[in-house]
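Asks: Questions regarding the structure given below will be posed in turn.
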Amino acid sequence: MRKVHEFTCIGCPSSCELKLVEEEGKKLEVTGSGCKIGEEYAIKEFTAPERVLTSTVRVENGVLPVLPVKSEKPIPKKLIREAVRELAKVKVKAPIKQGSVVYENMLNTDVNVIASRSLEGKGLGQ
Amino acid sequence: MKDEKLEKKVKQFLAEEGHLQISCSVKDGIAYLNGRLDNWEKVVELGHGIGKIKGVEEIVNDVTSEDAVKAVTQPRTKLSKRLYDPTLPKKADVVIVGGGVVGCFIARELSRYKLDIVLLEKESDVCGGATKANSAQIHTGVGEKSGTLKKKLCVNSWPLFDKISSELDVPYEKNGLLTVITKDSLPKSIPGPIRKFLCEYLIPIPVWITARRAKDKPKIVRKGKLLKMEPDLTEKALIGVLMPNYGIIEPFRLTISLAENAVKNGARIFIDTEVTGINVEDKKISGVVTTRGTVETDFVVNAAGVYADRIAEMAGTREFSIHPRKGGIILFDKKTDKFVAHQLNEFKLPRNEYTKGGGVLRTADENINFGPSAIEVPDREDTSISREDIDNILKKYATVFSDFPKKLVIAYFSGVRACTYKEDFVIKPSKNVKGLIHAAGIQSPGLTCSPTIAGMILEILREEGLPLKEKEAFDPICKRAAVFRELTLEEKKNIVAEERLYGNVVCRCEHITEAEIVKAIHSPVPALTVDAVKRRTRAGMGRCQSGFCGHLVAGILARELGIPLEEVTKKGGDSRLFVGKTKELLMEG
Amino acid sequence: MDVDTLVIGGGPAGLAAALSANKNGIKNVMLIERGPELGGILPQCIHDGFGTVIFKERLTGPEYAERYVQEIKKTGIDVKLETMVLQIDRDKRVIAVNPADGLLDIQVKTLILAMGCRERTRQQILIPGDRPAGIFTAGVAQRYINIEGIMPGKKIVILGSGDVGLIMARRFSLEGAEVEGVYEIMPVPGGLTRNLVQCLQDYEIPLHLSQTIVDIKGKERVEGVTVAKVDSKMKPIQGTERFVPCDTVIVSVGLIPENELSEMVPLAMDSATGGPIVDEAMETSEAGVFAAGNVVHVHDLVDDVSTEGEVAGKAAARYVMGELKERENPTKVEAGENVRYVVPQVIRKKSFEENVKLFFRVKEVQRNVSVKVFSDGEKIYSRKERVVRPPEMLSVSLPSSVLEKTQVVKVVVEKE
């Protein structure tokens with residue numbers, strides 16, 4: 001059965017409204033795109049949409065109570081919700097260096113989640 | 001006049017007005033009304049109508065309407081025990097119910113004497129009711145109806161504020177009221193040229209005379225001089241009357257200083273403490289029941305604002321009804337202060353007989369205000385402001401200007417006046433319960449009259465048998481902590497060197513420092529909420545409306561009170577700023 | 001105390017300006033920041049997308065900030081944190097204060113203003129109703145979540161579909177809150193399409209166009225809002241009201257350049273941008289006083305902010321060294337058809353650089369247009385654009401030599 005999927009392209013300010021027609025998972029055609037970027041985007045969004053995950057994790061003994069983190073690479077969009085729940089379990093100890101791994105191999109994607117910034121420790125006796 | 005005769009008069013009035021479904025009885029000069037009308041507006045109109053009948057002392061209006069029934073108010077009973085859990089004394093010589101400007105003034109005056117004074121306030125801070133939504137003018141009485149207690153007290157009250165503001169260190173500006181008379185001051189039904197003549201040559205005279213009678217020193221100001229005094233005035237202005245003794249005060253600071261001074265002199269103030277019952281034995285006050293326990297006492301001063309009639313009812317006596325009248329005020333960015341030098345109002349006939357009409361005010365902190373409006377509402381807790389009210393206020397008060405930058409609104413709020421149907425104060429002992437003294441029905445000029453009301457209450461208490469023995473050690477002075485933004489450069493330099501926390505500017509709009517906030521939190525009447533800190537320091541009153549300082553104030557409150565950030569509230573009770581730490585909702589679900 | 005170049009504001013504009021002044025020869029540079037760390041708004045912008053132009057990478061806000069902060073550490077720039085500037089004047093005397101140093105009285109040779117913006121409040125857009133706890137502007141909510149680690153609410157209604165509001169819709173969702181919807185008074189959304197997709201569509205958060213909040217209800221905490229449809233004049237349509245229960249209202253209705261200090265000097269201001277009038281060297285109406293970043297006009301890309309800061313720093317250095325001539329009879333820049341504003345508003349003769357870059361925003365969405373520039377009526381530039389939108393800033397680069405004799409240069413956007 002033929003199905004039409006709609007996407008708004010984010011490649012440039014034109015924001016073309018794309019339509020991808022597929023049958024049984026096989027892409028038939030992409031319409032509405034003003035350029036190649038749009039076509040590739042529609043296919044990617046349909047077959048394997050990915051997103052970079054950015055969030056925070058709790059910190060122990062830091063000058064701030066939370067640390068911003070990001071996934072080094074995009075991960076499958078459908079894993080985002082679960083990934084965020086995984087990150088909610090994490091508690092890192094300050095001091096932390098920017099770029100250090102905070103969560104290894106998120107949900108078997110081989111993508112690490114790293115610290116977005118450095119964070120100092122609170123110091124002794126505080 | 002005897003009750004029978006009065007009742008006949010009232011029933012005749014009801015019949016003439018076609019109110020066949022309204023029943024009434026009169027006892028001790030008080031008219032008790034029952035029945036149902038279509039809407040609240042009609043209920044209020046009826047109360048006012050009966051109030052005008054000669055001989056009617058007060059009205060208890062139990063007439064309902066559909067919109068009134070809907071607006072049944074539930075006073076808050078949640079207590080923040082962790083934060084504030086004082087022990088109420090078992091006994092007191094006087095219990096004051098209500099921590100508005102009137103209640104606090106009474107407490108302060110009573111603290112001159114050797115008495116155990118307890119003041120109970122149900123909100124999480126003093127001035128939690130109408131006092132905090134006040135336009136804070138010090139009226140001279142010129143706008144009050146002759147023969148009212150409001151007028152009598154007001155005329156004698158305003159001269160006291162030089163001393164009061166000095167003793168209590170309260171910002172007070174005597175910037176004067178300029179009543180502007182324009183071509184539109186009389187109704188348009190009067191033809192143009194005659195109207196202009198009357199406005200210019202006739203109207204100033206009664207205005208001037210009334211001001212004189214209020215002990216002011218009014219001056220007639222001709223157009224040329226008017227525009228020099230207020231260069232942004234409308235071209236339509238013809239003439240003005242300046243009342244130089246009209247002033248404006250900082251209402252929160254006044255109330256808080258009164259409360260702090262009362263506490264300094266031995267009174268005890270309990271916030272977050274609500275009266276739920278009044279004990280009466282043999283028609284005499286014997287105690288007050290609160291959410292924190294019972295206090296035995298022989299004297300209760302009823303300064304409970306919009307709930308004054310409910311307090312009286314708790315003591316088993318119904319002597320007046322409060323009908324709430326809401327009023328909105330709009331505040332502008334301080335940049336607009338160059339548009340206004342005095343308080344301004346535009347003379348307009350016909351007048352709403354129950355309000356003075358409000359005006360444009362330059363506050364003691366140099367913000368410009370428009371308002372207040374006056375809207376009868378059935379709900380005593382209705383401090384909402386409607387779009388209609390905002391638009392009307394912006395339109396009405398801008399007419400006195402040629403071009404006021406109305407876009408520069410930074411805040412608006414609304415408060416509820418506690419009005420009786422006689423539209424006058426009720427400062428008298430209860431007719432039926434000995435020891436219950438009413439300081440009720442406080443509407444404008446309530447704040448101006450607070451000193452003389454307190455004076456009257458003291459006399460009544462004395463007459464009712466409360467022994468008033470003066471203390472030798474009464475200290476009338478309340479000094480504010482140093483206000484950083486008011487200091488000179490040299491003073492600023494010194495104070496930061498002495499007290500490090502004066503160097504941390506928390507509220508950028510108003511240059512308020514951490515030192516001032518910490519002091520407010522630990523003051524004799526402590527600030528336990530964001531709004532209480534705001535009232536004492538002004539943090540959050542600037543143009544960004546705590547966009548910058550909000551998180552800093554919340555953090556300081558949490559730190560100084562030893563509570564987690566999640567427990568900081570805006571105004572006590574359930575008004576938490578936050579719902580918990582991040583991640584908690586994820587862990588739940 | 002004497003300082004050659006004082007930068008007020010340690011966000012991206014100020015960081016770039018301080019580094020640039022230093023790199024261009026000024027050793028005595030001071031940077032004053034009112035917060036406890038450098039970076040301005042960047043530390044709380046934990047999403048990515050920053051630096052695509054300058055670093056050719058998609059960095060998060062904190063990562064972008066750290067690039068500059070690391071550079072600053074390598075220099076001798078005097079950084080004063082938790083320091084508030086109280087006043088400035090045209091004599092370039094600056095009074096600031098902090099707990100450690102006390103009152104600072106600084107005489108400077110050049111000033112660079114980089115104070116950024118503040119957010120438009122609920123009160124400024126006159127939303128009626130009660131005043132309960134639970135009403136936050138989007139940036140404040142962002143700070144609470146991303147820096148204080150605290151949740152402003154559980155059931156959220158967002159007013160405004162600009163990028164900050166959209167980002168917060170996603171952020172709230174990712175922290176377990178329910179975002180009931182985003183309400184936008186205009187008939188078109190205010191933010192980038194990327195954010196509409198990745199912040200709303202991804203999370204199935206409805207976007208309600210041509211709707212606004214007409215009442216907020218709540219005695220102590222927000223209990224709900226009333227939303228309504230609006231007409232073409234943006235006035236609520238009677239009868240379309242709907243009550244939405246919620247406990248939090250996020251107001252995301254625009255940024256206002258923070259120019260209290262600028263007005264103390266006073267500087268000539270542009271009412272269309274909300275910021276001071278500047279030339280291409282980022283110099284204001286006061287010689288030796290420069291401004292850069294969101295304090296001049298609200299930007300979309302932080303890369304542009306850094307570039308402006310860099311220019312201001314360079315110009316300030318030249319000024320200190322006596323190499324920046326006084327601005328004489330500058331070219332006036334005008335905003336023409338469908339252009340809301342252009343920055344810079346004036347251009348120096350014998351210009352500062354080889355090329356002058358004009359930044360501008362359109363008033364309304366248009367498709368298939370031409371961007372044209374006229375010099376005293378003569379067309380000197382033209383290019384086509386498929387679509388132009390107010391939330392997406394545009395620019396035109398012109399060789400300064402072309403404008404040497406020009407009195408008025410005008411930027412126009414018109415349909416083909």
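The chains in the structure tokens are called A, B, ... from first to last as shown; in each chain the residues are counted from 1, and the ligands are counted from 1 in the order shown.
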Going by DSSP on the backbone, which bits of region 55-262 of chain B are helix (DSSP H, G or I)? Write them as a VMD selection string, please.
Replies: chain B and resid 66 to 70 101 to 110 130 to 133 149 to 167 192 to 202 204 to 213 223 to 229 251 to 262
Asks: Do you have, as a tab-separated table, the list of residues of chain C lying at most 7 Å from chain A, each with its nearest atom pair and that distance in Å to one decimal, counting only C-alpha atoms and ordered by chain then number?
Replies:
residue	atom	partner	partner_atom	distance
C:Ile46	CA	A:Pro68	CA	5.9
C:His47	CA	A:Thr54	CA	5.6
C:Thr60	CA	A:Ser116	CA	6.9
C:Pro62	CA	A:Arg117	CA	5.6
C:Glu63	CA	A:Ser116	CA	5.7
C:Asn146	CA	A:Thr56	CA	6.7
C:Ile147	CA	A:Val66	CA	6.2
C:Glu148	CA	A:Pro65	CA	6.2
C:Gly149	CA	A:Val66	CA	5.5
C:Leu174	CA	A:Val84	CA	6.6
C:Thr193	CA	A:Ile10	CA	5.8
C:Arg194	CA	A:Ile10	CA	4.9
C:Arg386	CA	A:Ser14	CA	6.4
C:Val387	CA	A:Ser14	CA	5.6
Asks: Using C-alpha atoms, can you export the residues from the last selection as a PDB file, in the first residue's frame?
Replies:
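The result, stored in again.pdb:
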ATOM      1  CA  ILE C  46      22.778  23.645  26.539  1.00  0.00           C
ATOM      2  CA  HIS C  47      21.425  22.807  23.074  1.00  0.00           C
ATOM      3  CA  THR C  60      26.495  23.732  22.582  1.00  0.00           C
ATOM      4  CA  PRO C  62      28.718  26.101  27.087  1.00  0.00           C
ATOM      5  CA  GLU C  63      31.189  24.647  24.553  1.00  0.00           C
ATOM      6  CA  ASN C 146      19.905  24.064  33.235  1.00  0.00           C
ATOM      7  CA  ILE C 147      21.927  25.800  35.942  1.00  0.00           C
ATOM      8  CA  GLU C 148      20.022  25.553  39.233  1.00  0.00           C
ATOM      9  CA  GLY C 149      18.742  22.051  38.409  1.00  0.00           C
ATOM     10  CA  LEU C 174      12.850  16.029  28.240  1.00  0.00           C
ATOM     11  CA  THR C 193      11.829  25.602  11.137  1.00  0.00           C
ATOM     12  CA  ARG C 194      14.495  23.355  12.609  1.00  0.00           C
ATOM     13  CA  ARG C 386      13.563  32.446  -2.168  1.00  0.00           C
ATOM     14  CA  VAL C 387      12.037  33.362   1.122  1.00  0.00           C
TER      15      VAL C 387
END
Asks: What are the residues of chain B lining chain A at 8 Å or less? Count only C-alpha atoms, and put the answer as a VMD selection string.
Replies: chain B and resid 583 586 to 587
Asks: Please provide the set of residues having any atom within 6 Å of region 465-472 of chain B, restricted to only C-alpha atoms, with same-chain residues fewer than 6 positions apart removed, written as a compact mmCIF listing (two decimals) with N, CA and C atoms, in the first residue's frame.
Replies:
# COMPACT_ATOMS: atom_id res chain seq x y z
N ARG B 112 2.69 51.72 73.27
CA ARG B 112 3.16 52.79 74.15
C ARG B 112 2.80 52.47 75.60
N TYR B 113 1.90 51.54 75.76
CA TYR B 113 1.36 51.23 77.10
C TYR B 113 1.79 49.87 77.57
N LYS B 114 1.69 49.67 78.90
CA LYS B 114 2.11 48.40 79.50
C LYS B 114 1.01 47.37 79.25
Asks: To one decimal place in Å, what is the distance between CA of Glu250 (chain B) and CA of Gln443 (chain B)?
Replies: 17.2 Å
Asks: For a quick test of understanding: name the residues of chain C lying within 8 Å of chain B when counting only C-alpha atoms, and present them as a PyMOL selection string.
Replies: chain C and resi 82-84+86+97-100+102-103+118-121+123-124+126-134+137+140+144-145+149-154+175-177+214-215+220-221
Asks: Mind dumping the selected residues with N, CA and C atoms as a tab-separated table (two decimals), in the first residue's frame?
Replies:
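The result, written out as out_17.tsv:
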chain	number	residue	atom	x	y	z
C	82	GLU	N	31.03	38.93	39.22
C	82	GLU	CA	30.09	39.37	40.27
C	82	GLU	C	30.24	40.85	40.55
C	83	THR	N	30.48	41.60	39.49
C	83	THR	CA	30.68	43.03	39.61
C	83	THR	C	29.61	43.75	38.82
C	84	MET	N	28.97	44.70	39.44
C	84	MET	CA	27.86	45.41	38.79
C	84	MET	C	28.28	46.83	38.48
C	86	LEU	N	27.41	50.49	38.08
C	86	LEU	CA	26.31	51.31	38.58
C	86	LEU	C	26.06	52.51	37.68
C	97	VAL	N	30.75	48.00	41.41
C	97	VAL	CA	30.90	47.54	42.79
C	97	VAL	C	30.88	46.02	42.85
C	98	ASN	N	31.67	45.46	43.75
C	98	ASN	CA	31.56	44.03	44.06
C	98	ASN	C	31.98	43.84	45.50
C	99	PRO	N	31.64	42.69	46.08
C	99	PRO	CA	31.93	42.52	47.51
C	99	PRO	C	33.42	42.52	47.83
C	100	ALA	N	34.22	41.94	46.93
C	100	ALA	CA	35.65	41.80	47.23
C	100	ALA	C	36.41	43.11	47.12
C	102	GLY	N	35.01	46.14	46.64
C	102	GLY	CA	34.28	47.32	47.09
C	102	GLY	C	33.86	48.18	45.92
C	103	LEU	N	33.84	49.49	46.13
C	103	LEU	CA	33.42	50.40	45.07
C	103	LEU	C	34.60	50.66	44.15
C	118	ARG	N	17.35	41.82	27.96
C	118	ARG	CA	16.48	41.19	28.93
C	118	ARG	C	15.23	40.73	28.20
C	119	GLU	N	14.35	40.01	28.90
C	119	GLU	CA	13.16	39.46	28.25
C	119	GLU	C	11.96	40.34	28.47
C	120	ARG	N	11.08	40.35	27.48
C	120	ARG	CA	9.83	41.09	27.62
C	120	ARG	C	8.97	40.32	28.63
C	121	THR	N	8.29	41.03	29.49
C	121	THR	CA	7.54	40.38	30.58
C	121	THR	C	6.06	40.24	30.25
C	123	GLN	N	3.71	41.43	32.00
C	123	GLN	CA	3.07	42.71	32.25
C	123	GLN	C	3.20	43.66	31.05
C	124	GLN	N	4.33	43.57	30.37
C	124	GLN	CA	4.52	44.47	29.23
C	124	GLN	C	3.56	44.16	28.09
C	126	LEU	N	0.52	43.09	28.78
C	126	LEU	CA	-0.79	43.33	29.38
C	126	LEU	C	-1.69	42.10	29.44
C	127	ILE	N	-1.15	40.94	29.81
C	127	ILE	CA	-2.03	39.79	29.96
C	127	ILE	C	-2.81	39.95	31.26
C	128	PRO	N	-4.14	39.91	31.16
C	128	PRO	CA	-4.97	40.14	32.37
C	128	PRO	C	-4.94	38.93	33.30
C	129	GLY	N	-5.59	39.09	34.46
C	129	GLY	CA	-5.78	37.95	35.34
C	129	GLY	C	-5.15	38.14	36.70
C	130	ASP	N	-4.85	37.00	37.33
C	130	ASP	CA	-4.24	37.00	38.65
C	130	ASP	C	-2.73	37.08	38.54
C	131	ARG	N	-2.09	37.17	39.71
C	131	ARG	CA	-0.62	37.22	39.73
C	131	ARG	C	-0.05	36.11	40.62
C	132	PRO	N	-0.24	34.87	40.23
C	132	PRO	CA	0.22	33.76	41.06
C	132	PRO	C	1.68	33.42	40.81
C	133	ALA	N	2.22	32.51	41.63
C	133	ALA	CA	3.54	31.96	41.36
C	133	ALA	C	3.40	31.00	40.17
C	134	GLY	N	4.46	30.82	39.41
C	134	GLY	CA	4.39	29.88	38.28
C	134	GLY	C	4.41	30.54	36.92
C	137	THR	N	9.46	33.96	32.48
C	137	THR	CA	9.86	34.18	31.10
C	137	THR	C	10.73	32.97	30.72
C	140	VAL	N	14.40	32.70	32.00
C	140	VAL	CA	14.49	32.45	33.44
C	140	VAL	C	14.23	30.97	33.72
C	144	TYR	N	16.75	28.17	35.44
C	144	TYR	CA	16.39	27.32	36.58
C	144	TYR	C	16.66	25.85	36.28
C	145	ILE	N	16.28	25.41	35.08
C	145	ILE	CA	16.44	23.99	34.75
C	145	ILE	C	17.90	23.64	34.51
C	149	GLY	N	19.22	23.43	38.30
C	149	GLY	CA	18.74	22.05	38.41
C	149	GLY	C	17.39	21.95	39.08
C	150	ILE	N	16.54	22.94	38.88
C	150	ILE	CA	15.24	22.93	39.55
C	150	ILE	C	14.13	23.10	38.53
C	151	MET	N	13.00	22.42	38.76
C	151	MET	CA	11.90	22.39	37.80
C	151	MET	C	10.87	23.47	38.12
C	152	PRO	N	10.60	24.36	37.17
C	152	PRO	CA	9.60	25.40	37.42
C	152	PRO	C	8.17	24.89	37.47
C	153	GLY	N	7.90	23.74	36.84
C	153	GLY	CA	6.50	23.28	36.85
C	153	GLY	C	6.35	21.93	36.20
C	154	LYS	N	5.10	21.41	36.21
C	154	LYS	CA	4.81	20.09	35.67
C	154	LYS	C	3.96	20.15	34.42
C	175	GLU	N	12.51	16.79	30.51
C	175	GLU	CA	12.64	16.67	31.96
C	175	GLU	C	11.39	16.07	32.58
C	176	GLY	N	10.49	15.59	31.74
C	176	GLY	CA	9.32	14.89	32.27
C	176	GLY	C	8.08	15.73	32.48
C	177	ALA	N	8.13	16.99	32.11
C	177	ALA	CA	6.93	17.82	32.27
C	177	ALA	C	6.03	17.63	31.06
C	214	VAL	N	-5.51	35.08	27.21
C	214	VAL	CA	-6.29	36.27	27.56
C	214	VAL	C	-6.57	36.37	29.05
C	215	ASP	N	-6.17	35.38	29.81
C	215	ASP	CA	-6.39	35.45	31.26
C	215	ASP	C	-5.53	34.39	31.93
C	220	GLU	N	-2.64	31.23	44.38
C	220	GLU	CA	-1.27	31.18	44.88
C	220	GLU	C	-0.30	30.68	43.81
C	221	ARG	N	-0.69	29.65	43.11
C	221	ARG	CA	0.09	29.10	42.02
C	221	ARG	C	-0.84	29.08	40.81
Asks: Output as a PyMOL selection string all residues of region 29-117 of chain A that backbone DSSP marks as strand (DSSP E).
Replies: chain A and resi 29-31+50-51+54-60+66-71+75-76+91-93+101-103+113-115
Asks: Just the residues within 7 Å of Arg108 (chain B), please, counting only C-alpha atoms, with nothing from its chain fewer than 2 positions along; format it as a VMD selection string.
Replies: chain B and resid 104 to 106 110 to 111 258 to 259 261 to 262
Asks: Restricting it to N, CA and C atoms, dump the selection as a compact mmCIF listing (two decimals), in the first residue's frame.
Replies:
# COMPACT_ATOMS: atom_id res chain seq x y z
N CYS B 104 -1.70 47.50 62.13
CA CYS B 104 -0.33 47.75 62.59
C CYS B 104 -0.20 49.09 63.29
N PHE B 105 -0.95 50.08 62.86
CA PHE B 105 -0.88 51.37 63.53
C PHE B 105 -1.46 51.23 64.94
N ILE B 106 -2.54 50.50 65.05
CA ILE B 106 -3.15 50.30 66.37
C ILE B 106 -2.16 49.56 67.27
N LEU B 110 -0.73 51.09 70.71
CA LEU B 110 -0.97 50.37 71.96
C LEU B 110 0.34 50.00 72.65
N SER B 111 1.40 49.83 71.83
CA SER B 111 2.67 49.42 72.43
C SER B 111 3.31 50.54 73.24
N LEU B 258 5.70 50.31 61.07
CA LEU B 258 4.77 50.30 62.21
C LEU B 258 4.85 48.97 62.93
N ALA B 259 4.84 47.89 62.13
CA ALA B 259 4.87 46.55 62.73
C ALA B 259 6.19 46.34 63.47
N ASN B 261 8.16 48.58 64.70
CA ASN B 261 8.20 49.46 65.88
C ASN B 261 7.35 48.87 67.00
N ALA B 262 6.20 48.31 66.62
CA ALA B 262 5.34 47.69 67.63
C ALA B 262 6.09 46.53 68.29
Asks: Calculate how many Å separate CA of Asp232 (chain B) from CA of Val180 (chain B), rounding to one decimal.
Replies: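 Going from CA of Asp232 (chain B) over to CA of Val180 (chain B), I get 12.5 Å.
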Asks: Which of these residues is nearest to Asp272 (chain B), using only C-alpha atoms: B:Phe474, B:Phe161, B:Tyr84, B:Tyr32?
Replies: B:Tyr84
Asks: What is the CA of Glu353 (chain C) to CA of Val7 (chain C) distance in Å?
Replies: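 Taking CA of Glu353 (chain C) and CA of Val7 (chain C), their separation equals 21.9 Å.
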Asks: Find the residues near Val230 (chain C): any atom within 6 Å, counting only C-alpha atoms, skip ones fewer than 6 places away on the same chain, and give them as an MDAnalysis selection string.
Replies: chainID C and resid 210:211 236:237
Asks: Excluding Met321 (chain C) and residues on its chain fewer than 3 positions from it, collect all residues at most 9 Å away from it, counting only C-alpha atoms, and give them as a list in words.
Replies: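 Listed by chain and then number, they are Gly25, Ile26, Ala316, Ala317, Arg318 and Leu324 of chain C.
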Asks: Restrict the selected residues to all heavy atoms and save them as a PDB file, in the first residue's frame.
Replies:
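Resulting contents of out_12.pdb:
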ATOM      1  N   GLY C  25      46.584  45.096  20.419  1.00  0.00           N
ATOM      2  CA  GLY C  25      47.601  45.952  21.023  1.00  0.00           C
ATOM      3  C   GLY C  25      47.314  46.543  22.383  1.00  0.00           C
ATOM      4  O   GLY C  25      48.181  47.192  22.965  1.00  0.00           O
ATOM      5  N   ILE C  26      46.117  46.358  22.923  1.00  0.00           N
ATOM      6  CA  ILE C  26      45.835  46.968  24.226  1.00  0.00           C
ATOM      7  C   ILE C  26      46.094  45.955  25.334  1.00  0.00           C
ATOM      8  O   ILE C  26      45.492  44.884  25.366  1.00  0.00           O
ATOM      9  CB  ILE C  26      44.366  47.446  24.303  1.00  0.00           C
ATOM     10  CG1 ILE C  26      44.032  48.327  23.113  1.00  0.00           C
ATOM     11  CG2 ILE C  26      44.103  48.167  25.620  1.00  0.00           C
ATOM     12  CD1 ILE C  26      44.879  49.578  22.974  1.00  0.00           C
ATOM     13  N   ALA C 316      38.206  49.782  19.172  1.00  0.00           N
ATOM     14  CA  ALA C 316      38.567  50.407  20.447  1.00  0.00           C
ATOM     15  C   ALA C 316      40.087  50.500  20.568  1.00  0.00           C
ATOM     16  O   ALA C 316      40.634  51.508  21.020  1.00  0.00           O
ATOM     17  CB  ALA C 316      37.989  49.604  21.611  1.00  0.00           C
ATOM     18  N   ALA C 317      40.774  49.439  20.117  1.00  0.00           N
ATOM     19  CA  ALA C 317      42.240  49.448  20.165  1.00  0.00           C
ATOM     20  C   ALA C 317      42.776  50.570  19.297  1.00  0.00           C
ATOM     21  O   ALA C 317      43.664  51.336  19.701  1.00  0.00           O
ATOM     22  CB  ALA C 317      42.770  48.101  19.713  1.00  0.00           C
ATOM     23  N   ARG C 318      42.247  50.697  18.102  1.00  0.00           N
ATOM     24  CA  ARG C 318      42.672  51.761  17.199  1.00  0.00           C
ATOM     25  C   ARG C 318      42.434  53.123  17.838  1.00  0.00           C
ATOM     26  O   ARG C 318      43.253  54.028  17.722  1.00  0.00           O
ATOM     27  CB  ARG C 318      41.901  51.695  15.875  1.00  0.00           C
ATOM     28  CG  ARG C 318      42.155  50.479  15.061  1.00  0.00           C
ATOM     29  CD  ARG C 318      42.661  50.850  13.672  1.00  0.00           C
ATOM     30  NE  ARG C 318      42.764  49.662  12.862  1.00  0.00           N
ATOM     31  CZ  ARG C 318      41.993  49.410  11.803  1.00  0.00           C
ATOM     32  NH1 ARG C 318      41.092  50.304  11.420  1.00  0.00           N
ATOM     33  NH2 ARG C 318      42.150  48.294  11.148  1.00  0.00           N
ATOM     34  N   LEU C 324      41.918  55.847  15.208  1.00  0.00           N
ATOM     35  CA  LEU C 324      40.536  55.876  14.740  1.00  0.00           C
ATOM     36  C   LEU C 324      40.105  57.334  14.651  1.00  0.00           C
ATOM     37  O   LEU C 324      39.935  58.015  15.666  1.00  0.00           O
ATOM     38  CB  LEU C 324      39.615  55.098  15.701  1.00  0.00           C
ATOM     39  CG  LEU C 324      38.205  54.836  15.172  1.00  0.00           C
ATOM     40  CD1 LEU C 324      38.231  53.790  14.070  1.00  0.00           C
ATOM     41  CD2 LEU C 324      37.278  54.388  16.288  1.00  0.00           C
TER      42      LEU C 324
END
Asks: For each of C:Ala16, C:Arg361, C:Thr110, C:Gln345, take the minimum atom-to-atom distance to Gly322 (chain C), counting only C-alpha atoms, then give the residue where this is smallest.
Replies: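 Counting only C-alpha atoms, the residue closest to Gly322 (chain C) is C:Thr110.
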Asks: Counting only C-alpha atoms, what is within 9 Å of Asp376 (chain C), bar same-chain residues fewer than 4 positions away, as a PDB file with N, CA, C and O atoms, in the first residue's frame?
Replies:
ATOM      1  N   THR C 406      28.712  58.542  -0.786  1.00  0.00           N
ATOM      2  CA  THR C 406      27.263  58.393  -0.611  1.00  0.00           C
ATOM      3  C   THR C 406      26.727  59.163   0.591  1.00  0.00           C
ATOM      4  O   THR C 406      27.318  59.151   1.667  1.00  0.00           O
ATOM      5  N   GLN C 407      25.602  59.818   0.406  1.00  0.00           N
ATOM      6  CA  GLN C 407      24.921  60.492   1.507  1.00  0.00           C
ATOM      7  C   GLN C 407      23.987  59.512   2.217  1.00  0.00           C
ATOM      8  O   GLN C 407      23.987  59.391   3.427  1.00  0.00           O
ATOM      9  N   VAL C 408      23.176  58.840   1.394  1.00  0.00           N
ATOM     10  CA  VAL C 408      22.192  57.918   1.960  1.00  0.00           C
ATOM     11  C   VAL C 408      22.236  56.583   1.239  1.00  0.00           C
ATOM     12  O   VAL C 408      22.164  56.532   0.017  1.00  0.00           O
ATOM     13  N   VAL C 409      22.373  55.525   2.005  1.00  0.00           N
ATOM     14  CA  VAL C 409      22.306  54.199   1.410  1.00  0.00           C
ATOM     15  C   VAL C 409      21.020  53.540   1.929  1.00  0.00           C
ATOM     16  O   VAL C 409      20.663  53.671   3.097  1.00  0.00           O
ATOM     17  N   LYS C 410      20.305  52.893   1.018  1.00  0.00           N
ATOM     18  CA  LYS C 410      18.992  52.348   1.412  1.00  0.00           C
ATOM     19  C   LYS C 410      18.908  50.866   1.075  1.00  0.00           C
ATOM     20  O   LYS C 410      19.282  50.450  -0.024  1.00  0.00           O
TER      21      LYS C 410
END
